[in-house]
Amino acid sequence: MLYTFIALVENKPGVLNRVASLFRRRNFNIESLAVGRTEKPEISRMTVVVDCPNGDYDAHKIEANLYKLVNVIDVQDVTHQPSVTRDLALIKVMVGPEKRAEVNSLAEIFRARIVDVAADSVIVEITGTEDKIEGMIELLRPTGIVEMVRTGQVSMTRGVNDGVRRVQQGAVGNRYENEYEDMAEMAP
Amino acid sequence: MKKTGAEIMWECVVREGVEVVFGYPGGANMPIYDAMLSYPIHHVLVRHEQGGAHMADGYARASGRVGVAMATSGPGATNLITGIATAMMDSVPVVFITGQVAAHLIGGDAFQEVDVTGITLPITKHNYLITRADEIAEVVREAFYIARSGRPGPVLIDICKNAQVEQCEFVYPEEVKLAGYKPVAHAQKDLLDHAVKLIEKAQRPIILCGHGVLASKAEEILMNFAVKTQTPVASTLLGLGAFPASHDLSLGMMGMHGEVHTNMAIQNSDLILAFGMRFDDRVTGTLKTYAPRAKKIHIEIDPSEVHKNVAVDVPLVGDLKTILTDLVPMVDEYDHDEWLKEISDWKAEADTRDIMNWPDDGKLYVPHLISDIWKATGGGAIMTTDVGQHQMWTAQYYALDKPNRWLTSGGAGTMGFGLPSAIGAWFAHKDQEIWAIAGDGGFQMTAAELTTAVQEQANVKVAIMNNSFLGMVRQWQEFFFEKRYSAVNMLSPDFVKLAEAHGVPARRVTKREEVDEAIAWARSITGPTVIEFRVEQEDAVYPMVPAGAALDHMLQRPAKA
Ligand SMILES: Cc1ncc(C[n+]2csc(CCOP(=O)(O)OP(=O)(O)O)c2C)c(N)n1
Ligand SMILES: [Mg+2]
């Protein structure tokens, strides 16, 4: 299943590379990764969505490994926390003037906006959860999507609730059951 | 006061207490080498940067301090890679300092430009690229702190040539400020209570002593814990020496070539106390049947090692020495006489198969030779090895009672580690006896460092166990590939002449009766020596847990006919 982590990292050159390299090195599968500045200029915030086939066991592994990076300040798992989640997509659709109204009304239903109109195409901007964006894409597809770009998911927990911190001040969660890979086969 | 970047680097390195560095100069680090002349640093000119990396590693393992190795950009830096990975896998604190092309040339494929921070990202604990002189002081300070604190490891600093020559105001940073990096010391109280309950219930407990015991300098408190709770202590390859081998509670080495009774004890235990070890595949055998009835308490500084290979019941994350110091007063005294008796019965049975208990047949077996060196040196030498059969035999037969005298590449298994790490260790302990046990294969990988030993008059004794084979690979081919020998037959140069050409006194031993005399001869000389032992060619290391087998399914030495 997909897990969402929020990581606060030092805003220094190469930190994104370190995080990406760690995920590659440890064989974690990134679904999306969005980085940006925070209210503090020295800190950047990453929202990372990762496929965790072994559930919490993988989540623990990801958190613990992120902390091996000297530049990582804090990691939370917000997967099961009430939170606001947004993704933004720009979708260019082939439409002549005759079908524009149709796209327009679809956009209205999804609270999306037409942000550019050309002779035979429009650009739709939509913000929302993954599901909502996927829904809109499905409906636009028959009309003819020619180009699309998405920012990747960003998340923030509601109210004062934080996400789960499995690795923090020496506490390392519960016993996570997992079918352990057998590495003992390797050569001399 | 204004100083050049290179001077600032040395100011900071000297303040870390560094007295010796192992390195090799080139275009991109010439300002560093020039500035070095004004500082109280002894520089060891190595013959290959890999050798320099292993020397710094050996120095760090033997001294408990941070080792330093240097190289120029491009090929100089890439020659370090095997040494960096070796230090990383075994959590050894080494700071690597490489020269880099000028900042304005980066990315342009300038002469000898290689993306060193990119290449070393996954094999360092942390690394830095410095483009300006005013970054140097803070980075050097951080690098040493990161290398030695928490779970130790290698840190690389890549310094652009312009940053070495530019001048700036030198202010030594008194404090290290790292936003995210804060190794924890104490474990949580509730988890400690939980651990105490498990210890109280245990009838068949066992301690697995790893390299973390040495890294945390926890030998003494480990002894207190083991004696108070009467818990036997098994050791990983890298943990050897942390608990005295001659102690009644010592079980020796566990794992693939561990002792029979040790592996049996692990498999039959009801509580595993894993201290500073990481359940590497070489010590667990197949995980499906690993210690099936045991509860597990894991004391470990690196949270990512907890639950990684084996799910544990009580993870105690923090500094081992601190946690054991918290734990010892919380546990009661126990005795486990029945359990210890059971283990010693297994041992008695296994001992009958031990080659040391066979009559001497006049042939040269490595276990005998290691035991002879052990006797001659009173078991007190610093021992380094290459990788292979001779390494396992040294681990088995050089019983260590003292810590930080066992230098071997465990996690990476790097052939050629023995000679250079011995030279490094000599700089840490010039008063101690140092033996490098080498394979005929491994020795040829870093033999050029013999000249380094001569140039420095390093008092290291090399013993080459020449079986004319890449022995460990041959053994696997014998056992698991129907004796189809492929690329394991090793032609070697005349090692005696080779050593003598380097200016090193050398001898060859082919008969049992020459052994003691040769060892005494080597010990009587101050400075490097080489003895080549022509040993049995097709002997095999026993016991052996075949890859993928359960830990208690060992191939035992065939009973003597
Ligand atoms: C750099 C490197 N290359 C390859 C190997 C694989 N390997 C493991 S043991 C071994 C044989 C070593 O032979 P030798 O040094 O003669 O020691 P022996 O096993 O004969 O005692 C080899 C090739 C390794 N560990 N390291
Ligand atoms: Mg050999």
# chains A, B, ... in the order shown; residues from 1 in each chain; ligands from 1
>>> residues_near_ligand(ligand="ligand 1", cutoff="6 Å", atoms="only C-alpha atoms and all ligand atoms", output="list in words")
Pro188 of chain A; Val387, Gly388, Gln389, His390, Gly413, Thr414, Met415, Gly439, Asp440, Gly441, Gly442, Asn467, Phe469, Leu470, Gly471, Met472 and Val473 of chain B
>>> write_last_selection(atoms="all heavy atoms", output="short mmCIF file (atom, residue, chain, number, x, y, z; two decimals), in the first residue's frame")
data_model
loop_
_atom_site.label_atom_id
_atom_site.label_comp_id
_atom_site.auth_asym_id
_atom_site.auth_seq_id
_atom_site.Cartn_x
_atom_site.Cartn_y
_atom_site.Cartn_z
N PRO A 188 31.24 -16.57 -1.49
CA PRO A 188 32.29 -16.39 -0.47
C PRO A 188 32.87 -14.98 -0.48
O PRO A 188 32.88 -14.35 -1.48
CB PRO A 188 33.37 -17.39 -0.87
CG PRO A 188 33.18 -17.62 -2.30
CD PRO A 188 31.71 -17.51 -2.54
N VAL B 387 41.41 -11.94 3.37
CA VAL B 387 40.10 -12.58 3.43
C VAL B 387 40.18 -13.96 2.81
O VAL B 387 40.79 -14.13 1.75
CB VAL B 387 39.04 -11.72 2.71
CG1 VAL B 387 37.74 -12.49 2.52
CG2 VAL B 387 38.78 -10.46 3.52
N GLY B 388 39.61 -14.94 3.48
CA GLY B 388 39.60 -16.29 2.94
C GLY B 388 39.78 -17.30 4.04
O GLY B 388 39.47 -17.03 5.22
N GLN B 389 40.32 -18.45 3.69
CA GLN B 389 40.47 -19.53 4.68
C GLN B 389 41.37 -19.13 5.84
O GLN B 389 41.04 -19.36 7.01
CB GLN B 389 41.06 -20.76 3.99
CG GLN B 389 40.13 -21.39 2.97
CD GLN B 389 40.73 -22.68 2.41
OE1 GLN B 389 41.91 -22.72 2.04
NE2 GLN B 389 39.93 -23.73 2.34
N HIS B 390 42.53 -18.52 5.50
CA HIS B 390 43.48 -18.17 6.56
C HIS B 390 42.84 -17.20 7.55
O HIS B 390 43.16 -17.20 8.73
CB HIS B 390 44.72 -17.52 5.93
CG HIS B 390 44.40 -16.23 5.27
ND1 HIS B 390 43.81 -16.15 4.03
CD2 HIS B 390 44.49 -14.95 5.72
CE1 HIS B 390 43.59 -14.88 3.74
NE2 HIS B 390 43.98 -14.14 4.74
N GLY B 413 34.65 -7.92 3.33
CA GLY B 413 35.48 -9.06 2.94
C GLY B 413 36.50 -8.68 1.89
O GLY B 413 36.56 -9.26 0.81
N THR B 414 37.33 -7.70 2.23
CA THR B 414 38.26 -7.13 1.25
C THR B 414 39.61 -7.83 1.29
O THR B 414 40.37 -7.69 2.25
CB THR B 414 38.46 -5.63 1.53
OG1 THR B 414 37.18 -4.99 1.55
CG2 THR B 414 39.32 -4.99 0.46
N MET B 415 39.92 -8.59 0.24
CA MET B 415 41.25 -9.20 0.12
C MET B 415 42.30 -8.09 0.03
O MET B 415 42.03 -7.03 -0.52
CB MET B 415 41.34 -10.07 -1.14
CG MET B 415 40.59 -11.38 -1.06
SD MET B 415 40.53 -12.21 -2.67
CE MET B 415 42.26 -12.60 -2.94
N GLY B 439 46.82 -14.22 2.77
CA GLY B 439 46.65 -15.31 1.82
C GLY B 439 47.59 -15.09 0.65
O GLY B 439 48.02 -13.96 0.41
N ASP B 440 47.91 -16.14 -0.08
CA ASP B 440 48.79 -15.94 -1.24
C ASP B 440 48.08 -15.07 -2.28
O ASP B 440 48.71 -14.26 -2.96
CB ASP B 440 49.24 -17.27 -1.84
CG ASP B 440 48.13 -18.28 -2.03
OD1 ASP B 440 47.17 -18.28 -1.21
OD2 ASP B 440 48.18 -19.07 -2.99
N GLY B 441 46.76 -15.19 -2.34
CA GLY B 441 46.00 -14.34 -3.25
C GLY B 441 45.91 -12.92 -2.74
O GLY B 441 46.28 -11.96 -3.44
N GLY B 442 45.45 -12.78 -1.54
CA GLY B 442 45.25 -11.44 -0.96
C GLY B 442 46.53 -10.64 -0.89
O GLY B 442 46.55 -9.44 -1.19
N ASN B 467 48.75 -21.55 0.00
CA ASN B 467 48.18 -22.86 -0.36
C ASN B 467 48.06 -23.00 -1.87
O ASN B 467 47.40 -23.91 -2.37
CB ASN B 467 46.83 -23.08 0.33
CG ASN B 467 45.87 -21.91 0.09
OD1 ASN B 467 46.14 -21.04 -0.74
ND2 ASN B 467 44.78 -21.90 0.82
N PHE B 469 46.29 -21.63 -3.83
CA PHE B 469 44.90 -21.55 -4.29
C PHE B 469 44.25 -20.29 -3.74
O PHE B 469 44.66 -19.79 -2.68
CB PHE B 469 44.08 -22.74 -3.74
CG PHE B 469 44.14 -23.98 -4.56
CD1 PHE B 469 44.80 -25.11 -4.07
CD2 PHE B 469 43.52 -24.06 -5.81
CE1 PHE B 469 44.86 -26.28 -4.82
CE2 PHE B 469 43.57 -25.23 -6.55
CZ PHE B 469 44.23 -26.34 -6.06
N LEU B 470 43.23 -19.84 -4.45
CA LEU B 470 42.27 -18.94 -3.83
C LEU B 470 41.42 -19.87 -2.97
O LEU B 470 40.37 -20.36 -3.37
CB LEU B 470 41.44 -18.21 -4.89
CG LEU B 470 42.28 -17.25 -5.76
CD1 LEU B 470 41.44 -16.68 -6.90
CD2 LEU B 470 42.88 -16.13 -4.92
N GLY B 471 41.94 -20.14 -1.78
CA GLY B 471 41.50 -21.28 -1.00
C GLY B 471 40.02 -21.30 -0.67
O GLY B 471 39.37 -22.35 -0.78
N MET B 472 39.47 -20.18 -0.25
CA MET B 472 38.08 -20.21 0.16
C MET B 472 37.15 -20.46 -1.02
O MET B 472 36.15 -21.19 -0.89
CB MET B 472 37.71 -18.89 0.86
CG MET B 472 36.35 -18.91 1.51
SD MET B 472 36.17 -20.27 2.69
CE MET B 472 36.59 -19.45 4.24
N VAL B 473 37.49 -19.90 -2.15
CA VAL B 473 36.66 -20.14 -3.34
C VAL B 473 36.83 -21.60 -3.78
O VAL B 473 35.87 -22.28 -4.14
CB VAL B 473 37.03 -19.17 -4.47
CG1 VAL B 473 36.18 -19.43 -5.71
CG2 VAL B 473 36.84 -17.72 -4.02
#
>>> interface_residues(of="chain B", to="chain A", cutoff="7 Å", atoms="only C-alpha atoms", output="PyMOL selection string")
chain B and resi 126+179-181+184+187-188+281-282+285-287+303-304+309+311-313+315+317-318+472-473+547-548
>>> select_by_dssp(residues="chain A", states="helix (DSSP H, G or I)", output="VMD selection string")
chain A and resid 15 to 25 56 to 66 97 to 109 130 to 144
>>> write_last_selection(atoms="N, CA and C atoms", output="compact mmCIF listing (two decimals), in the first residue's frame")
# COMPACT_ATOMS: atom_id res chain seq x y z
N VAL A 15 20.92 17.70 -1.05
CA VAL A 15 20.15 16.90 -0.10
C VAL A 15 19.09 16.06 -0.81
N LEU A 16 18.45 16.65 -1.83
CA LEU A 16 17.45 15.88 -2.60
C LEU A 16 18.11 14.64 -3.20
N ASN A 17 19.33 14.83 -3.71
CA ASN A 17 20.08 13.70 -4.28
C ASN A 17 20.35 12.63 -3.23
N ARG A 18 20.68 13.06 -2.03
CA ARG A 18 20.94 12.08 -0.97
C ARG A 18 19.70 11.25 -0.66
N VAL A 19 18.56 11.93 -0.59
CA VAL A 19 17.33 11.22 -0.29
C VAL A 19 16.98 10.26 -1.43
N ALA A 20 17.05 10.78 -2.65
CA ALA A 20 16.71 9.94 -3.81
C ALA A 20 17.66 8.74 -3.89
N SER A 21 18.94 9.00 -3.64
CA SER A 21 19.95 7.95 -3.71
C SER A 21 19.70 6.88 -2.64
N LEU A 22 19.28 7.34 -1.46
CA LEU A 22 18.98 6.39 -0.38
C LEU A 22 17.83 5.46 -0.76
N PHE A 23 16.79 6.03 -1.36
CA PHE A 23 15.64 5.21 -1.75
C PHE A 23 16.04 4.19 -2.81
N ARG A 24 16.90 4.62 -3.73
CA ARG A 24 17.39 3.68 -4.75
C ARG A 24 18.24 2.59 -4.11
N ARG A 25 19.18 3.02 -3.27
CA ARG A 25 20.13 2.11 -2.64
C ARG A 25 19.42 1.04 -1.80
N ASP A 56 3.68 -1.57 7.77
CA ASP A 56 4.42 -0.83 8.79
C ASP A 56 5.88 -1.24 8.87
N TYR A 57 6.18 -2.49 8.54
CA TYR A 57 7.56 -2.94 8.57
C TYR A 57 8.40 -2.09 7.62
N ASP A 58 7.89 -1.89 6.40
CA ASP A 58 8.60 -1.05 5.44
C ASP A 58 8.66 0.40 5.89
N ALA A 59 7.55 0.85 6.47
CA ALA A 59 7.49 2.25 6.91
C ALA A 59 8.58 2.51 7.96
N HIS A 60 8.73 1.57 8.88
CA HIS A 60 9.78 1.71 9.88
C HIS A 60 11.16 1.78 9.24
N LYS A 61 11.34 0.90 8.26
CA LYS A 61 12.63 0.82 7.59
C LYS A 61 12.95 2.15 6.88
N ILE A 62 11.94 2.72 6.26
CA ILE A 62 12.14 3.99 5.54
C ILE A 62 12.49 5.11 6.51
N GLU A 63 11.73 5.19 7.59
CA GLU A 63 12.01 6.25 8.58
C GLU A 63 13.42 6.10 9.14
N ALA A 64 13.75 4.87 9.55
CA ALA A 64 15.05 4.65 10.19
C ALA A 64 16.19 4.96 9.22
N ASN A 65 16.02 4.60 7.97
CA ASN A 65 17.07 4.86 6.99
C ASN A 65 17.20 6.34 6.67
N LEU A 66 16.07 7.05 6.64
CA LEU A 66 16.15 8.49 6.39
C LEU A 66 16.99 9.16 7.48
N PRO A 97 -13.49 25.23 -30.78
CA PRO A 97 -14.49 26.09 -30.13
C PRO A 97 -15.81 25.35 -29.86
N GLU A 98 -16.17 24.41 -30.75
CA GLU A 98 -17.49 23.78 -30.63
C GLU A 98 -17.64 22.92 -29.37
N LYS A 99 -16.51 22.38 -28.84
CA LYS A 99 -16.62 21.49 -27.67
C LYS A 99 -16.11 22.14 -26.38
N ARG A 100 -15.72 23.39 -26.50
CA ARG A 100 -15.12 24.07 -25.34
C ARG A 100 -16.07 24.11 -24.15
N ALA A 101 -17.35 24.33 -24.44
CA ALA A 101 -18.34 24.46 -23.37
C ALA A 101 -18.40 23.19 -22.54
N GLU A 102 -18.25 22.06 -23.23
CA GLU A 102 -18.30 20.76 -22.54
C GLU A 102 -17.17 20.65 -21.51
N VAL A 103 -15.95 21.01 -21.96
CA VAL A 103 -14.79 20.97 -21.06
C VAL A 103 -15.00 21.96 -19.91
N ASN A 104 -15.55 23.11 -20.28
CA ASN A 104 -15.82 24.14 -19.29
C ASN A 104 -16.72 23.66 -18.16
N SER A 105 -17.79 22.97 -18.53
CA SER A 105 -18.73 22.55 -17.49
C SER A 105 -18.14 21.42 -16.65
N LEU A 106 -17.34 20.57 -17.32
CA LEU A 106 -16.64 19.51 -16.58
C LEU A 106 -15.70 20.14 -15.54
N ALA A 107 -14.99 21.16 -15.99
CA ALA A 107 -14.05 21.85 -15.09
C ALA A 107 -14.80 22.44 -13.90
N GLU A 108 -15.96 22.98 -14.18
CA GLU A 108 -16.74 23.58 -13.10
C GLU A 108 -17.11 22.55 -12.03
N ILE A 109 -17.54 21.37 -12.50
CA ILE A 109 -17.91 20.31 -11.55
C ILE A 109 -16.74 19.95 -10.65
N GLU A 130 -5.38 13.01 -5.09
CA GLU A 130 -5.08 12.07 -6.19
C GLU A 130 -6.36 11.61 -6.87
N ASP A 131 -7.32 11.15 -6.05
CA ASP A 131 -8.56 10.57 -6.56
C ASP A 131 -9.31 11.54 -7.46
N LYS A 132 -9.41 12.76 -6.96
CA LYS A 132 -10.16 13.76 -7.71
C LYS A 132 -9.49 14.01 -9.06
N ILE A 133 -8.18 14.13 -9.04
CA ILE A 133 -7.45 14.42 -10.28
C ILE A 133 -7.58 13.25 -11.25
N GLU A 134 -7.42 12.03 -10.70
CA GLU A 134 -7.58 10.84 -11.54
C GLU A 134 -8.97 10.83 -12.20
N GLY A 135 -9.98 11.22 -11.40
CA GLY A 135 -11.36 11.25 -11.89
C GLY A 135 -11.51 12.20 -13.07
N MET A 136 -10.96 13.35 -12.94
CA MET A 136 -11.05 14.35 -14.00
C MET A 136 -10.31 13.86 -15.26
N ILE A 137 -9.14 13.28 -15.03
CA ILE A 137 -8.35 12.80 -16.18
C ILE A 137 -9.15 11.78 -16.98
N GLU A 138 -9.79 10.87 -16.26
CA GLU A 138 -10.58 9.83 -16.94
C GLU A 138 -11.63 10.45 -17.85
N LEU A 139 -12.29 11.50 -17.33
CA LEU A 139 -13.37 12.11 -18.11
C LEU A 139 -12.85 12.94 -19.28
N LEU A 140 -11.64 13.47 -19.14
CA LEU A 140 -11.08 14.29 -20.22
C LEU A 140 -10.44 13.44 -21.31
N ARG A 141 -10.07 12.23 -20.94
CA ARG A 141 -9.31 11.38 -21.86
C ARG A 141 -9.97 11.21 -23.23
N PRO A 142 -11.30 10.93 -23.28
CA PRO A 142 -11.94 10.75 -24.59
C PRO A 142 -11.88 12.01 -25.46
N THR A 143 -11.85 13.16 -24.81
CA THR A 143 -11.79 14.41 -25.57
C THR A 143 -10.42 14.57 -26.22
N GLY A 144 -9.40 14.03 -25.58
CA GLY A 144 -8.06 14.08 -26.18
C GLY A 144 -7.06 14.87 -25.38
>>> atom_distance(atom1="CA of Ala425 in chain B", atom2="CA of Ala87 in chain B")
14.4 Å
>>> atom_distance(atom1="CA of Cys168 in chain B", atom2="CA of Ala102 in chain B")
16.8 Å
>>> closest_residue(among="B:Leu340, B:Val488, B:Ile84, B:Val331", to="ligand 2", atoms="only C-alpha atoms and all ligand atoms")
B:Val488
>>> residues_around(residues="Ile114 in chain A", least_positions_apart="2", cutoff="6 Å", atoms="only C-alpha atoms", output="PyMOL selection string")
chain A and resi 116+123-124
>>> write_last_selection(atoms="N, CA and C atoms", output="mmCIF file, in the first residue's frame")
data_model
loop_
_atom_site.group_PDB
_atom_site.id
_atom_site.type_symbol
_atom_site.label_atom_id
_atom_site.label_comp_id
_atom_site.auth_asym_id
_atom_site.auth_seq_id
_atom_site.Cartn_x
_atom_site.Cartn_y
_atom_site.Cartn_z
ATOM 1 N N ASP A 116 -5.754 28.610 -19.897
ATOM 2 C CA ASP A 116 -5.230 29.075 -21.186
ATOM 3 C C ASP A 116 -6.146 28.574 -22.295
ATOM 4 N N ILE A 123 -5.861 24.699 -21.623
ATOM 5 C CA ILE A 123 -5.159 24.092 -20.488
ATOM 6 C C ILE A 123 -6.068 24.170 -19.262
ATOM 7 N N VAL A 124 -6.288 22.998 -18.642
ATOM 8 C CA VAL A 124 -7.091 22.930 -17.431
ATOM 9 C C VAL A 124 -6.158 22.808 -16.240
#
>>> residues_around(residues="range 395-408 of chain B", least_positions_apart="4", cutoff="6 Å", atoms="only C-alpha atoms", output="PDB file with all heavy atoms, in the first residue's frame")
ATOM      1  N   ALA B  62      42.794  -0.017  15.549  1.00  0.00           N
ATOM      2  CA  ALA B  62      43.715  -0.368  16.626  1.00  0.00           C
ATOM      3  C   ALA B  62      43.758   0.699  17.720  1.00  0.00           C
ATOM      4  O   ALA B  62      43.967   0.393  18.882  1.00  0.00           O
ATOM      5  CB  ALA B  62      45.119  -0.580  16.061  1.00  0.00           C
ATOM      6  N   GLY B 241      37.585 -10.466  20.806  1.00  0.00           N
ATOM      7  CA  GLY B 241      38.476  -9.665  21.639  1.00  0.00           C
ATOM      8  C   GLY B 241      37.720  -8.784  22.621  1.00  0.00           C
ATOM      9  O   GLY B 241      38.284  -8.345  23.614  1.00  0.00           O
ATOM     10  N   ALA B 242      36.443  -8.540  22.355  1.00  0.00           N
ATOM     11  CA  ALA B 242      35.671  -7.672  23.258  1.00  0.00           C
ATOM     12  C   ALA B 242      35.394  -8.381  24.579  1.00  0.00           C
ATOM     13  O   ALA B 242      35.256  -7.756  25.618  1.00  0.00           O
ATOM     14  CB  ALA B 242      34.361  -7.253  22.601  1.00  0.00           C
ATOM     15  N   PRO B 244      36.995 -11.688  26.841  1.00  0.00           N
ATOM     16  CA  PRO B 244      38.191 -12.540  26.804  1.00  0.00           C
ATOM     17  C   PRO B 244      37.889 -13.986  26.423  1.00  0.00           C
ATOM     18  O   PRO B 244      37.026 -14.634  27.019  1.00  0.00           O
ATOM     19  CB  PRO B 244      38.724 -12.468  28.241  1.00  0.00           C
ATOM     20  CG  PRO B 244      37.818 -11.589  29.008  1.00  0.00           C
ATOM     21  CD  PRO B 244      36.772 -11.027  28.132  1.00  0.00           C
ATOM     22  N   ALA B 245      38.627 -14.483  25.439  1.00  0.00           N
ATOM     23  CA  ALA B 245      38.383 -15.838  24.939  1.00  0.00           C
ATOM     24  C   ALA B 245      38.626 -16.884  26.021  1.00  0.00           C
ATOM     25  O   ALA B 245      38.030 -17.958  25.998  1.00  0.00           O
ATOM     26  CB  ALA B 245      39.284 -16.102  23.736  1.00  0.00           C
ATOM     27  N   SER B 371      48.178 -21.308  15.816  1.00  0.00           N
ATOM     28  CA  SER B 371      48.353 -21.656  17.218  1.00  0.00           C
ATOM     29  C   SER B 371      49.811 -21.473  17.648  1.00  0.00           C
ATOM     30  O   SER B 371      50.090 -21.017  18.764  1.00  0.00           O
ATOM     31  CB  SER B 371      47.888 -23.097  17.420  1.00  0.00           C
ATOM     32  OG  SER B 371      48.322 -23.580  18.627  1.00  0.00           O
ATOM     33  N   TRP B 374      50.350 -17.892  18.110  1.00  0.00           N
ATOM     34  CA  TRP B 374      49.663 -17.526  19.358  1.00  0.00           C
ATOM     35  C   TRP B 374      50.556 -17.827  20.568  1.00  0.00           C
ATOM     36  O   TRP B 374      50.717 -17.011  21.447  1.00  0.00           O
ATOM     37  CB  TRP B 374      48.334 -18.297  19.452  1.00  0.00           C
ATOM     38  CG  TRP B 374      47.504 -17.932  20.652  1.00  0.00           C
ATOM     39  CD1 TRP B 374      46.623 -16.898  20.738  1.00  0.00           C
ATOM     40  CD2 TRP B 374      47.470 -18.604  21.919  1.00  0.00           C
ATOM     41  NE1 TRP B 374      46.044 -16.877  21.984  1.00  0.00           N
ATOM     42  CE2 TRP B 374      46.553 -17.906  22.734  1.00  0.00           C
ATOM     43  CE3 TRP B 374      48.139 -19.716  22.447  1.00  0.00           C
ATOM     44  CZ2 TRP B 374      46.270 -18.286  24.046  1.00  0.00           C
ATOM     45  CZ3 TRP B 374      47.856 -20.097  23.756  1.00  0.00           C
ATOM     46  CH2 TRP B 374      46.929 -19.394  24.545  1.00  0.00           C
ATOM     47  N   ILE B 382      48.739  -7.837  17.944  1.00  0.00           N
ATOM     48  CA  ILE B 382      47.679  -7.304  17.084  1.00  0.00           C
ATOM     49  C   ILE B 382      47.696  -8.153  15.824  1.00  0.00           C
ATOM     50  O   ILE B 382      48.747  -8.334  15.206  1.00  0.00           O
ATOM     51  CB  ILE B 382      47.935  -5.826  16.741  1.00  0.00           C
ATOM     52  CG1 ILE B 382      47.809  -4.967  17.992  1.00  0.00           C
ATOM     53  CG2 ILE B 382      46.977  -5.348  15.649  1.00  0.00           C
ATOM     54  CD1 ILE B 382      48.111  -3.495  17.762  1.00  0.00           C
ATOM     55  N   MET B 383      46.546  -8.703  15.459  1.00  0.00           N
ATOM     56  CA  MET B 383      46.477  -9.601  14.319  1.00  0.00           C
ATOM     57  C   MET B 383      45.644  -8.957  13.211  1.00  0.00           C
ATOM     58  O   MET B 383      44.515  -8.524  13.451  1.00  0.00           O
ATOM     59  CB  MET B 383      45.809 -10.919  14.711  1.00  0.00           C
ATOM     60  CG  MET B 383      46.510 -11.662  15.828  1.00  0.00           C
ATOM     61  SD  MET B 383      48.200 -12.138  15.416  1.00  0.00           S
ATOM     62  CE  MET B 383      47.913 -13.522  14.324  1.00  0.00           C
ATOM     63  N   THR B 384      46.191  -8.912  11.996  1.00  0.00           N
ATOM     64  CA  THR B 384      45.381  -8.470  10.865  1.00  0.00           C
ATOM     65  C   THR B 384      45.346  -9.608   9.854  1.00  0.00           C
ATOM     66  O   THR B 384      46.197 -10.498   9.887  1.00  0.00           O
ATOM     67  CB  THR B 384      45.951  -7.205  10.192  1.00  0.00           C
ATOM     68  OG1 THR B 384      47.062  -7.594   9.359  1.00  0.00           O
ATOM     69  CG2 THR B 384      46.425  -6.186  11.214  1.00  0.00           C
ATOM     70  N   THR B 385      44.364  -9.589   8.968  1.00  0.00           N
ATOM     71  CA  THR B 385      44.269 -10.663   7.983  1.00  0.00           C
ATOM     72  C   THR B 385      43.816 -10.132   6.631  1.00  0.00           C
ATOM     73  O   THR B 385      43.290  -9.024   6.517  1.00  0.00           O
ATOM     74  CB  THR B 385      43.238 -11.736   8.389  1.00  0.00           C
ATOM     75  OG1 THR B 385      41.923 -11.200   8.235  1.00  0.00           O
ATOM     76  CG2 THR B 385      43.431 -12.228   9.800  1.00  0.00           C
TER      77      THR B 385
END
>>> residues_around(residues="range 235-238 of chain B", least_positions_apart="2", cutoff="8 Å", atoms="only C-alpha atoms", output="VMD selection string")
chain B and resid 208 to 211 233 240 251 to 255 277 283 395 406 to 408 410
>>> residues_around(residues="Thr322 in chain B", least_positions_apart="5", cutoff="9 Å", atoms="only C-alpha atoms", output="PDB file with N, CA, C and O atoms, in the first residue's frame")
ATOM      1  N   ALA B 185      21.747   8.293  23.425  1.00  0.00           N
ATOM      2  CA  ALA B 185      22.567   7.508  24.338  1.00  0.00           C
ATOM      3  C   ALA B 185      21.722   6.500  25.105  1.00  0.00           C
ATOM      4  O   ALA B 185      21.947   5.301  25.036  1.00  0.00           O
ATOM      5  N   HIS B 186      20.729   7.000  25.828  1.00  0.00           N
ATOM      6  CA  HIS B 186      19.942   6.134  26.713  1.00  0.00           C
ATOM      7  C   HIS B 186      18.758   5.519  25.978  1.00  0.00           C
ATOM      8  O   HIS B 186      18.196   6.126  25.087  1.00  0.00           O
ATOM      9  N   ALA B 187      18.377   4.332  26.413  1.00  0.00           N
ATOM     10  CA  ALA B 187      17.150   3.731  25.884  1.00  0.00           C
ATOM     11  C   ALA B 187      15.983   4.132  26.777  1.00  0.00           C
ATOM     12  O   ALA B 187      16.174   4.594  27.902  1.00  0.00           O
ATOM     13  N   SER B 216      31.758   1.087  21.256  1.00  0.00           N
ATOM     14  CA  SER B 216      31.215   1.818  22.398  1.00  0.00           C
ATOM     15  C   SER B 216      32.129   1.716  23.630  1.00  0.00           C
ATOM     16  O   SER B 216      31.830   2.292  24.667  1.00  0.00           O
ATOM     17  N   ALA B 218      32.578  -0.838  25.544  1.00  0.00           N
ATOM     18  CA  ALA B 218      31.689  -1.388  26.572  1.00  0.00           C
ATOM     19  C   ALA B 218      32.188  -2.728  27.116  1.00  0.00           C
ATOM     20  O   ALA B 218      31.422  -3.479  27.714  1.00  0.00           O
ATOM     21  N   LEU B 327      21.365  -0.853  32.628  1.00  0.00           N
ATOM     22  CA  LEU B 327      20.696  -2.152  32.780  1.00  0.00           C
ATOM     23  C   LEU B 327      21.272  -3.010  33.914  1.00  0.00           C
ATOM     24  O   LEU B 327      20.514  -3.684  34.627  1.00  0.00           O
TER      25      LEU B 327
END
